[in-house]
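A quick write-up on the structure given underneath.
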Amino acid sequence: MRATLLPYSRHSVEEDDIQAVIEVLRSDWLTTGPKISSFEGAFAERVGARYAVAVSSGTAALHAAAFAAGVAHGHHVVVSPMSFVASANCARYQGAMVIFADVAADTLNLDPRCVAANLTEETRAIVTVDYAGQPSDLEELGALAARYKLMLIEDASHALGASYHDRRVGSLADLTTFSLHPVKLITTGEGGMVTTNDAALASRARAFRNHGITTDHRQRSRAASWLYEMVELGFNYRLTDCQSALGLSQLKKLDRWLRRRTEIADRYAAAFAGIPEVEVPTVKSDRRSAWHLYVIRLRLDRLRASREQIFRALRAENIGVNVHYIPIPWHPYYQRLGYAKGQWPVAEDAYERMLSLPMFPGMDDGQVDDVIRAVEKVTAYYRR
Ligand SMILES: *Cc1c(COP(=O)(O)O)cnc(C)c1O
């Protein structure tokens, strides 16, 4: 067995990433400088979107997207329960009510039929999550959004570099959000991005990250003017130049890292094909996953152990398994708002059986084999 814990995810920071940040530290601009728009430009180009707005976290990106989409008190927002809490919280920040719709059993992405069944007069937006890196059913969700005049927000925190019908994630919803946290596809330490093809939505998100002020510092100094106007209630959600330089440098490695993630997923799938207690993730043929997570589901009916026992046994083998995610409405905050458990049978069943295995581009083949051997050993031990 392994001598040290293999984490489920880990950032890759290389020497040129470090040099890029040092360069900014020696420059005139630590924040609100030129690296931010360079990073935004490169990011927009990479995802095929017209506009990109850099913000301080993936959560800030979701908040800015909800604001730009006009989500407000009295509105309903349909959200996937199978996500990190921030996907739903962005609606709450804007005073809206969250309606959780169930996911599809194969992908664990929002099931468009469940979304349709949960639309009301008050629905303003849909927040769909590209679970584990696989794009959502964007055509069906886009059609619903168009028919009912809703905003489609795609939480692509897991899906930077993924594609759908050969089109890149980032330009396929009204607003797409990304997280640049260290466990995600590329990192700026903390950071996020909102992308869109709509100039008005981009400018609303841009103002929102800077207190709702209409011009930024550099524009003012060019115009030699002291004037600025706060026209909306915004926040300080700015990304710094140091972070943007790191992001720019990381973005260059994305394709290499995506290839490695895909290789690891393929090795896992080949190995687990022979383990009947393990269900491997499925990716639909019309889309490509960024493989942020590798989530297996246990066939508990074939095992003499609970998910928790398997989890503990794998941790004892120094495999840093994790669970993504506890259904959002199960958290105490949402429980207090009155969401009874049992309303999302697919997401809830998946949660009870899932484990995230280590998946990050810095994993070597020996580490992948360690994971495979540990899964083989533990499932064989607990086999019925
Ligand atoms: C990581 C994540 C977020 C939040 O991003 P932060 O950068 O940590 O604020 C939101 N949604 C999903 C699906 C995530 O995985």
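Residues in the structure tokens are named by chain (A, B, ... in the order shown) and by number from 1 within that chain; ligands are numbered from 1 in the order shown.
Within region 147-332 of chain A, residues classed as strand (DSSP E) by DSSP on backbone coordinates are Met151, Leu152, Ile153, Glu154, Asp155, Ser163, Tyr164, Arg167, Arg168, Leu175, Thr176, Thr177, Phe178, Ser179, Gly192, Met193, Val194, Thr195, Thr196, Val278, Glu279, Arg287, Arg288, Tyr294, Val295, Ile296, Arg297 and Leu298 of chain A.
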* Asked: Please, which residues of region 166-224 of chain A, numbered as in this document, come out alpha helix (DSSP H) from DSSP, as a ChimeraX atom specification?
  -> /A:199-208,217-222
Those same residues - all heavy atoms - I'd like them written as a CSV table (one decimal), in the first residue's frame.
```
chain,number,residue,atom,x,y,z
A,199,ALA,N,-23.0,41.7,-24.9
A,199,ALA,CA,-22.2,42.9,-24.4
A,199,ALA,C,-22.9,43.5,-23.2
A,199,ALA,O,-22.2,43.9,-22.2
A,199,ALA,CB,-22.1,43.9,-25.5
A,200,ALA,N,-24.2,43.5,-23.1
A,200,ALA,CA,-24.9,44.1,-22.0
A,200,ALA,C,-24.7,43.3,-20.7
A,200,ALA,O,-24.4,43.8,-19.6
A,200,ALA,CB,-26.4,44.3,-22.3
A,201,LEU,N,-24.8,42.0,-20.9
A,201,LEU,CA,-24.5,41.1,-19.7
A,201,LEU,C,-23.1,41.2,-19.2
A,201,LEU,O,-22.8,41.3,-18.0
A,201,LEU,CB,-24.8,39.6,-20.1
A,201,LEU,CG,-26.3,39.3,-20.4
A,201,LEU,CD1,-26.4,37.8,-20.8
A,201,LEU,CD2,-27.2,39.5,-19.2
A,202,ALA,N,-22.2,41.3,-20.1
A,202,ALA,CA,-20.7,41.4,-19.7
A,202,ALA,C,-20.5,42.7,-19.0
A,202,ALA,O,-19.9,42.8,-18.0
A,202,ALA,CB,-19.9,41.4,-21.0
A,203,SER,N,-21.2,43.8,-19.5
A,203,SER,CA,-20.9,45.1,-18.8
A,203,SER,C,-21.6,45.1,-17.4
A,203,SER,O,-21.0,45.7,-16.5
A,203,SER,CB,-21.2,46.3,-19.7
A,203,SER,OG,-22.5,46.8,-19.4
A,204,ARG,N,-22.7,44.4,-17.3
A,204,ARG,CA,-23.3,44.4,-15.9
A,204,ARG,C,-22.4,43.6,-15.0
A,204,ARG,O,-22.3,44.0,-13.8
A,204,ARG,CB,-24.7,43.7,-16.0
A,204,ARG,CG,-25.8,44.7,-16.4
A,204,ARG,CD,-27.2,44.0,-16.6
A,204,ARG,NE,-27.7,43.5,-15.4
A,204,ARG,CZ,-28.3,44.2,-14.5
A,204,ARG,NH1,-28.4,45.5,-14.6
A,204,ARG,NH2,-28.8,43.6,-13.4
A,205,ALA,N,-21.9,42.5,-15.4
A,205,ALA,CA,-21.0,41.7,-14.6
A,205,ALA,C,-19.7,42.4,-14.2
A,205,ALA,O,-19.2,42.4,-13.1
A,205,ALA,CB,-20.6,40.3,-15.3
A,206,ARG,N,-19.2,43.2,-15.2
A,206,ARG,CA,-18.0,44.0,-15.0
A,206,ARG,C,-18.2,45.1,-14.0
A,206,ARG,O,-17.4,45.3,-13.1
A,206,ARG,CB,-17.6,44.6,-16.4
A,206,ARG,CG,-16.2,45.0,-16.5
A,206,ARG,CD,-15.9,45.4,-17.9
A,206,ARG,NE,-15.9,44.3,-18.9
A,206,ARG,CZ,-14.9,43.4,-18.9
A,206,ARG,NH1,-13.8,43.5,-18.2
A,206,ARG,NH2,-14.9,42.4,-19.8
A,207,ALA,N,-19.3,45.7,-14.0
A,207,ALA,CA,-19.6,46.8,-13.0
A,207,ALA,C,-19.8,46.1,-11.6
A,207,ALA,O,-19.4,46.7,-10.6
A,207,ALA,CB,-20.9,47.6,-13.4
A,208,PHE,N,-20.5,45.0,-11.6
A,208,PHE,CA,-20.8,44.3,-10.4
A,208,PHE,C,-19.6,43.9,-9.6
A,208,PHE,O,-19.6,44.0,-8.3
A,208,PHE,CB,-21.6,43.1,-10.6
A,208,PHE,CG,-22.2,42.4,-9.4
A,208,PHE,CD1,-23.3,43.0,-8.7
A,208,PHE,CD2,-21.8,41.2,-9.0
A,208,PHE,CE1,-23.9,42.4,-7.6
A,208,PHE,CE2,-22.3,40.5,-7.9
A,208,PHE,CZ,-23.4,41.2,-7.2
A,217,HIS,N,-10.6,52.5,-12.7
A,217,HIS,CA,-9.5,53.5,-12.4
A,217,HIS,C,-8.7,53.9,-13.7
A,217,HIS,O,-8.4,55.1,-13.9
A,217,HIS,CB,-8.6,52.9,-11.4
A,217,HIS,CG,-7.5,53.8,-11.0
A,217,HIS,ND1,-7.6,55.0,-10.4
A,217,HIS,CD2,-6.1,53.7,-11.3
A,217,HIS,CE1,-6.4,55.5,-10.2
A,217,HIS,NE2,-5.5,54.8,-10.8
A,218,ARG,N,-8.4,52.9,-14.5
A,218,ARG,CA,-7.5,53.2,-15.6
A,218,ARG,C,-8.3,54.1,-16.7
A,218,ARG,O,-7.7,55.0,-17.2
A,218,ARG,CB,-7.0,51.9,-16.3
A,218,ARG,CG,-5.8,51.4,-15.5
A,218,ARG,CD,-5.2,50.2,-16.2
A,218,ARG,NE,-6.2,49.2,-16.6
A,218,ARG,CZ,-6.3,48.7,-17.8
A,218,ARG,NH1,-5.5,49.1,-18.7
A,218,ARG,NH2,-7.3,47.8,-18.0
A,219,GLN,N,-9.5,53.7,-16.9
A,219,GLN,CA,-10.3,54.6,-17.8
A,219,GLN,C,-10.4,56.0,-17.4
A,219,GLN,O,-10.2,56.9,-18.1
A,219,GLN,CB,-11.7,54.0,-18.0
A,219,GLN,CG,-11.8,52.8,-18.9
A,219,GLN,CD,-13.2,52.1,-18.8
A,219,GLN,OE1,-13.8,52.1,-17.8
A,219,GLN,NE2,-13.6,51.7,-19.9
A,220,ARG,N,-10.5,56.2,-16.0
A,220,ARG,CA,-10.6,57.5,-15.5
A,220,ARG,C,-9.3,58.3,-15.7
A,220,ARG,O,-9.3,59.4,-16.0
A,220,ARG,CB,-11.0,57.5,-14.0
A,220,ARG,CG,-12.4,57.1,-13.7
A,220,ARG,CD,-12.8,57.5,-12.3
A,220,ARG,NE,-12.0,57.0,-11.3
A,220,ARG,CZ,-12.0,55.8,-10.8
A,220,ARG,NH1,-12.8,54.9,-11.3
A,220,ARG,NH2,-11.2,55.4,-9.9
A,221,SER,N,-8.2,57.6,-15.4
A,221,SER,CA,-6.9,58.3,-15.5
A,221,SER,C,-6.6,58.7,-16.9
A,221,SER,O,-6.1,59.7,-17.2
A,221,SER,CB,-5.8,57.5,-14.9
A,221,SER,OG,-5.6,56.3,-15.5
A,222,ARG,N,-7.1,57.8,-17.9
A,222,ARG,CA,-6.9,58.2,-19.3
A,222,ARG,C,-7.7,59.4,-19.6
A,222,ARG,O,-7.2,60.3,-20.3
A,222,ARG,CB,-7.3,57.0,-20.2
A,222,ARG,CG,-6.1,56.1,-20.6
A,222,ARG,CD,-6.4,55.4,-21.9
A,222,ARG,NE,-7.6,54.5,-21.8
A,222,ARG,CZ,-7.5,53.3,-21.2
A,222,ARG,NH1,-6.4,52.8,-20.8
A,222,ARG,NH2,-8.6,52.5,-21.2
```
* Write as a ChimeraX atom specification the residues around ligand 1, taking 9 Å as the cut-off and counting only C-alpha atoms and all ligand atoms. => /A:56-62,82-88,129-132,155-158,177-184,189-192,292,324
Residues of the last selection are to be written out with N, CA, C and O atoms, as a compact mmCIF listing (two decimals), in the first residue's frame.
```txt
# COMPACT_ATOMS: atom_id res chain seq x y z
N SER A 56 -13.04 37.33 -8.31
CA SER A 56 -12.18 36.83 -7.24
C SER A 56 -12.44 35.38 -6.85
O SER A 56 -11.65 34.82 -6.08
N SER A 57 -13.51 34.77 -7.32
CA SER A 57 -13.77 33.35 -7.04
C SER A 57 -14.85 32.84 -7.98
O SER A 57 -15.56 33.63 -8.63
N GLY A 58 -15.01 31.53 -7.99
CA GLY A 58 -16.10 30.94 -8.74
C GLY A 58 -17.45 31.34 -8.15
O GLY A 58 -18.44 31.48 -8.86
N THR A 59 -17.47 31.51 -6.84
CA THR A 59 -18.70 31.95 -6.17
C THR A 59 -19.05 33.38 -6.59
O THR A 59 -20.22 33.68 -6.88
N ALA A 60 -18.04 34.25 -6.65
CA ALA A 60 -18.27 35.62 -7.13
C ALA A 60 -18.75 35.60 -8.58
O ALA A 60 -19.61 36.42 -8.96
N ALA A 61 -18.22 34.68 -9.37
CA ALA A 61 -18.65 34.57 -10.78
C ALA A 61 -20.14 34.22 -10.85
O ALA A 61 -20.89 34.80 -11.64
N LEU A 62 -20.57 33.27 -10.01
CA LEU A 62 -21.99 32.89 -9.98
C LEU A 62 -22.85 34.06 -9.50
O LEU A 62 -23.93 34.30 -10.05
N MET A 82 -27.13 18.50 -7.27
CA MET A 82 -25.89 17.73 -7.25
C MET A 82 -24.73 18.65 -7.59
O MET A 82 -24.19 18.63 -8.69
N SER A 83 -24.39 19.52 -6.63
CA SER A 83 -23.33 20.50 -6.86
C SER A 83 -22.80 21.01 -5.53
O SER A 83 -23.33 20.69 -4.46
N PHE A 84 -21.79 21.85 -5.66
CA PHE A 84 -21.31 22.60 -4.51
C PHE A 84 -22.35 23.69 -4.18
O PHE A 84 -23.03 24.20 -5.07
N VAL A 85 -22.46 24.02 -2.91
CA VAL A 85 -23.51 24.93 -2.43
C VAL A 85 -23.56 26.28 -3.16
O VAL A 85 -24.63 26.88 -3.29
N ALA A 86 -22.41 26.73 -3.68
CA ALA A 86 -22.37 28.05 -4.33
C ALA A 86 -23.32 28.14 -5.52
O ALA A 86 -23.83 29.23 -5.83
N SER A 87 -23.57 27.00 -6.19
CA SER A 87 -24.45 27.01 -7.37
C SER A 87 -25.86 27.49 -7.01
O SER A 87 -26.53 28.12 -7.82
N ALA A 88 -26.31 27.16 -5.80
CA ALA A 88 -27.63 27.61 -5.34
C ALA A 88 -27.54 28.94 -4.59
O ALA A 88 -28.43 29.79 -4.70
N VAL A 129 -25.19 22.75 -13.86
CA VAL A 129 -23.82 22.47 -13.45
C VAL A 129 -23.26 21.37 -14.34
O VAL A 129 -23.90 20.33 -14.51
N ASP A 130 -22.11 21.59 -14.92
CA ASP A 130 -21.47 20.58 -15.77
C ASP A 130 -20.73 19.61 -14.86
O ASP A 130 -19.51 19.71 -14.66
N TYR A 131 -21.49 18.66 -14.32
CA TYR A 131 -21.01 17.82 -13.24
C TYR A 131 -19.77 17.01 -13.66
O TYR A 131 -19.79 16.30 -14.68
N ALA A 132 -18.74 17.10 -12.85
CA ALA A 132 -17.48 16.36 -13.02
C ALA A 132 -16.71 16.76 -14.27
O ALA A 132 -15.65 16.19 -14.55
N ASP A 155 -22.89 26.75 -14.76
CA ASP A 155 -21.79 26.69 -13.80
C ASP A 155 -20.80 25.66 -14.34
O ASP A 155 -20.96 24.45 -14.14
N ALA A 156 -19.78 26.18 -15.03
CA ALA A 156 -18.78 25.32 -15.67
C ALA A 156 -17.50 25.28 -14.84
O ALA A 156 -16.40 25.15 -15.39
N SER A 157 -17.67 25.36 -13.52
CA SER A 157 -16.50 25.28 -12.63
C SER A 157 -15.69 24.01 -12.87
O SER A 157 -14.49 23.99 -12.63
N HIS A 158 -16.37 22.94 -13.33
CA HIS A 158 -15.70 21.67 -13.57
C HIS A 158 -15.29 21.50 -15.03
O HIS A 158 -14.72 20.47 -15.38
N THR A 177 -19.98 30.38 -15.98
CA THR A 177 -19.07 30.74 -14.89
C THR A 177 -18.03 29.64 -14.67
O THR A 177 -18.32 28.46 -14.87
N PHE A 178 -16.85 30.07 -14.26
CA PHE A 178 -15.74 29.15 -14.01
C PHE A 178 -15.15 29.46 -12.64
O PHE A 178 -15.17 30.60 -12.19
N SER A 179 -14.59 28.43 -12.00
CA SER A 179 -13.83 28.60 -10.76
C SER A 179 -12.36 28.34 -11.06
O SER A 179 -12.03 27.42 -11.82
N LEU A 180 -11.49 29.11 -10.45
CA LEU A 180 -10.05 28.95 -10.64
C LEU A 180 -9.38 28.59 -9.31
O LEU A 180 -8.23 28.92 -9.06
N HIS A 181 -10.14 27.90 -8.47
CA HIS A 181 -9.64 27.36 -7.20
C HIS A 181 -8.61 26.26 -7.50
O HIS A 181 -8.70 25.60 -8.54
N PRO A 182 -7.65 26.03 -6.61
CA PRO A 182 -6.58 25.05 -6.89
C PRO A 182 -7.03 23.64 -7.28
O PRO A 182 -6.30 22.94 -7.98
N VAL A 183 -8.20 23.18 -6.85
CA VAL A 183 -8.61 21.83 -7.25
C VAL A 183 -9.19 21.81 -8.67
O VAL A 183 -9.43 20.72 -9.20
N LYS A 184 -9.43 22.96 -9.28
CA LYS A 184 -10.10 22.98 -10.58
C LYS A 184 -9.10 22.84 -11.74
O LYS A 184 -7.94 22.53 -11.51
N GLY A 189 -5.11 30.53 -7.51
CA GLY A 189 -5.20 30.54 -6.05
C GLY A 189 -6.67 30.55 -5.67
O GLY A 189 -7.27 29.52 -5.42
N GLU A 190 -7.25 31.74 -5.60
CA GLU A 190 -8.70 31.92 -5.65
C GLU A 190 -8.97 32.68 -6.93
O GLU A 190 -8.14 33.50 -7.35
N GLY A 191 -10.12 32.46 -7.54
CA GLY A 191 -10.43 33.22 -8.74
C GLY A 191 -11.60 32.63 -9.47
O GLY A 191 -12.01 31.48 -9.21
N GLY A 192 -12.16 33.42 -10.38
CA GLY A 192 -13.29 32.95 -11.18
C GLY A 192 -13.40 33.76 -12.45
O GLY A 192 -12.69 34.76 -12.63
N HIS A 292 -12.82 16.93 -14.56
CA HIS A 292 -12.41 17.54 -13.28
C HIS A 292 -12.44 16.50 -12.17
O HIS A 292 -11.53 16.43 -11.34
N HIS A 324 -18.50 14.00 -3.84
CA HIS A 324 -19.01 15.21 -4.50
C HIS A 324 -20.36 14.89 -5.13
O HIS A 324 -20.36 14.27 -6.18
```
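Comparing the minimum interatomic distances between Asp106 (chain A) and each of A:Arg261, A:Lys284, A:Arg2, A:Arg238, counting only C-alpha atoms, we find that A:Lys284 sits nearest.
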Can you tell me, as a PDB file with N, CA and C atoms, in the first residue's frame, what residues are no more than 8 Å from Glu122 (chain A) when counting only C-alpha atoms, ignoring any on the same chain fewer than 2 positions away?
```pdb
ATOM      1  N   GLY A  74     -38.275  37.637  -5.219  1.00  0.00           N
ATOM      2  CA  GLY A  74     -39.539  37.275  -5.865  1.00  0.00           C
ATOM      3  C   GLY A  74     -39.357  36.305  -7.022  1.00  0.00           C
ATOM      4  N   HIS A  75     -38.138  36.158  -7.518  1.00  0.00           N
ATOM      5  CA  HIS A  75     -37.888  35.218  -8.612  1.00  0.00           C
ATOM      6  C   HIS A  75     -37.615  33.807  -8.087  1.00  0.00           C
ATOM      7  N   HIS A  76     -37.846  32.844  -8.960  1.00  0.00           N
ATOM      8  CA  HIS A  76     -37.407  31.474  -8.734  1.00  0.00           C
ATOM      9  C   HIS A  76     -36.221  31.182  -9.646  1.00  0.00           C
ATOM     10  N   LEU A 119     -40.779  24.674 -13.674  1.00  0.00           N
ATOM     11  CA  LEU A 119     -40.863  26.085 -14.062  1.00  0.00           C
ATOM     12  C   LEU A 119     -42.166  26.688 -13.555  1.00  0.00           C
ATOM     13  N   THR A 120     -42.076  27.958 -13.124  1.00  0.00           N
ATOM     14  CA  THR A 120     -43.257  28.679 -12.652  1.00  0.00           C
ATOM     15  C   THR A 120     -43.287  30.047 -13.322  1.00  0.00           C
ATOM     16  N   ARG A 124     -36.880  32.859 -13.235  1.00  0.00           N
ATOM     17  CA  ARG A 124     -36.098  33.856 -13.972  1.00  0.00           C
ATOM     18  C   ARG A 124     -34.874  33.219 -14.640  1.00  0.00           C
TER      19      ARG A 124
END
```
* Selection near Arg256 (chain A), 12 Å with only C-alpha atoms, sequence-local residues under 3 positions removed, as a list in words -> Ser12, Gly161, Leu185, Ile186, Gln250, Leu251, Lys252, Lys253, Arg259, Arg260, Arg261, Thr262, Glu263, Ala290, Phe360, Pro361 and Gly362 of chain A
* Which neighbours of Leu337 (chain A) fall inside 12 Å, counting only C-alpha atoms, when residues of the same chain fewer than 2 positions from it are skipped, and could you give them as JSON, numbers by chain? -> {"A": [92, 97, 98, 99, 328, 329, 330, 331, 332, 333, 334, 335, 339, 340, 341]}
* To do: Measure the distance from CA of Glu277 (chain A) to CA of Ala105 (chain A) in Å and round it to one decimal.
  =>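 That distance, rounded to one decimal, is 17.1 Å.
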* To do: Would you please work out which residue, of A:Pro81, A:Gly366, A:Pro327, A:Gly170, is nearest to Gly48 (chain A) when using only C-alpha atoms?
  =>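 Among A:Pro81, A:Gly366, A:Pro327, A:Gly170, it is A:Gly170 that comes nearest to Gly48 (chain A).
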* To do: Show which residues sit within 10 Å of Ala350 (chain A), as a PyMOL selection string. Count only C-alpha atoms, and ignore same-chain residues fewer than 3 positions away.
  => chain A and resi 82+103+105-106+108+296-298+324-327+345-347+353-355
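Distances here use only C-alpha atoms; by that measure, the residue among A:Thr4, A:Thr107, A:Thr32, A:Ser249 closest to Ser136 (chain A) is A:Thr107.
Our summary of the geometry notes that CA of Gln367 (chain A) is positioned 22.2 Å from CA of Gln309 (chain A).
Atom pair CA of Asn210 (chain A) / CA of Met151 (chain A) has a distance of 22.6 Å (rounded to one decimal).
If you measure from each of A:Val79, A:Asp349, A:Arg383, A:Asp241 to Ile310 (chain A) using only C-alpha atoms, the closest one turns out to be A:Arg383.
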* Structure fact -> Using only C-alpha atoms, the shortest atom-to-atom distance to Asn197 (chain A) among A:Tyr51, A:Lys377, A:Leu144, A:Ile275 belongs to A:Tyr51
* Contacts of Arg46 (chain A) at 12 Å (only C-alpha atoms; same-chain gap of 4+ positions) as a PyMOL selection string -> chain A and resi 39-42+50-52+160-163+167-171+195+248+251-255
Keeping only C-alpha atoms, write the selected residues to a file as a PDB file, in the first residue's frame.
```
ATOM      1  CA  PHE A  39      -6.022  37.168 -18.930  1.00  0.00           C
ATOM      2  CA  GLU A  40      -9.632  37.958 -19.818  1.00  0.00           C
ATOM      3  CA  GLY A  41      -8.738  38.214 -23.501  1.00  0.00           C
ATOM      4  CA  ALA A  42      -6.848  34.923 -23.532  1.00  0.00           C
ATOM      5  CA  ARG A  50     -16.855  37.290 -26.965  1.00  0.00           C
ATOM      6  CA  TYR A  51     -16.446  38.574 -23.379  1.00  0.00           C
ATOM      7  CA  ALA A  52     -14.754  37.362 -20.200  1.00  0.00           C
ATOM      8  CA  LEU A 160     -13.033  24.496 -18.536  1.00  0.00           C
ATOM      9  CA  GLY A 161     -11.897  22.981 -21.840  1.00  0.00           C
ATOM     10  CA  ALA A 162     -14.945  20.717 -22.257  1.00  0.00           C
ATOM     11  CA  SER A 163     -17.030  20.783 -25.427  1.00  0.00           C
ATOM     12  CA  ARG A 167     -18.475  23.726 -29.496  1.00  0.00           C
ATOM     13  CA  ARG A 168     -16.507  24.921 -26.513  1.00  0.00           C
ATOM     14  CA  VAL A 169     -18.080  25.412 -23.104  1.00  0.00           C
ATOM     15  CA  GLY A 170     -18.050  29.138 -22.340  1.00  0.00           C
ATOM     16  CA  SER A 171     -20.166  30.464 -25.179  1.00  0.00           C
ATOM     17  CA  THR A 195     -18.038  34.524 -19.985  1.00  0.00           C
ATOM     18  CA  LEU A 248      -2.478  33.443 -18.055  1.00  0.00           C
ATOM     19  CA  LEU A 251      -4.059  28.611 -19.384  1.00  0.00           C
ATOM     20  CA  LYS A 252      -1.195  27.701 -21.742  1.00  0.00           C
ATOM     21  CA  LYS A 253      -1.015  24.266 -20.111  1.00  0.00           C
ATOM     22  CA  LEU A 254      -4.716  23.505 -20.180  1.00  0.00           C
ATOM     23  CA  ASP A 255      -4.665  21.317 -23.289  1.00  0.00           C
TER      24      ASP A 255
END
```
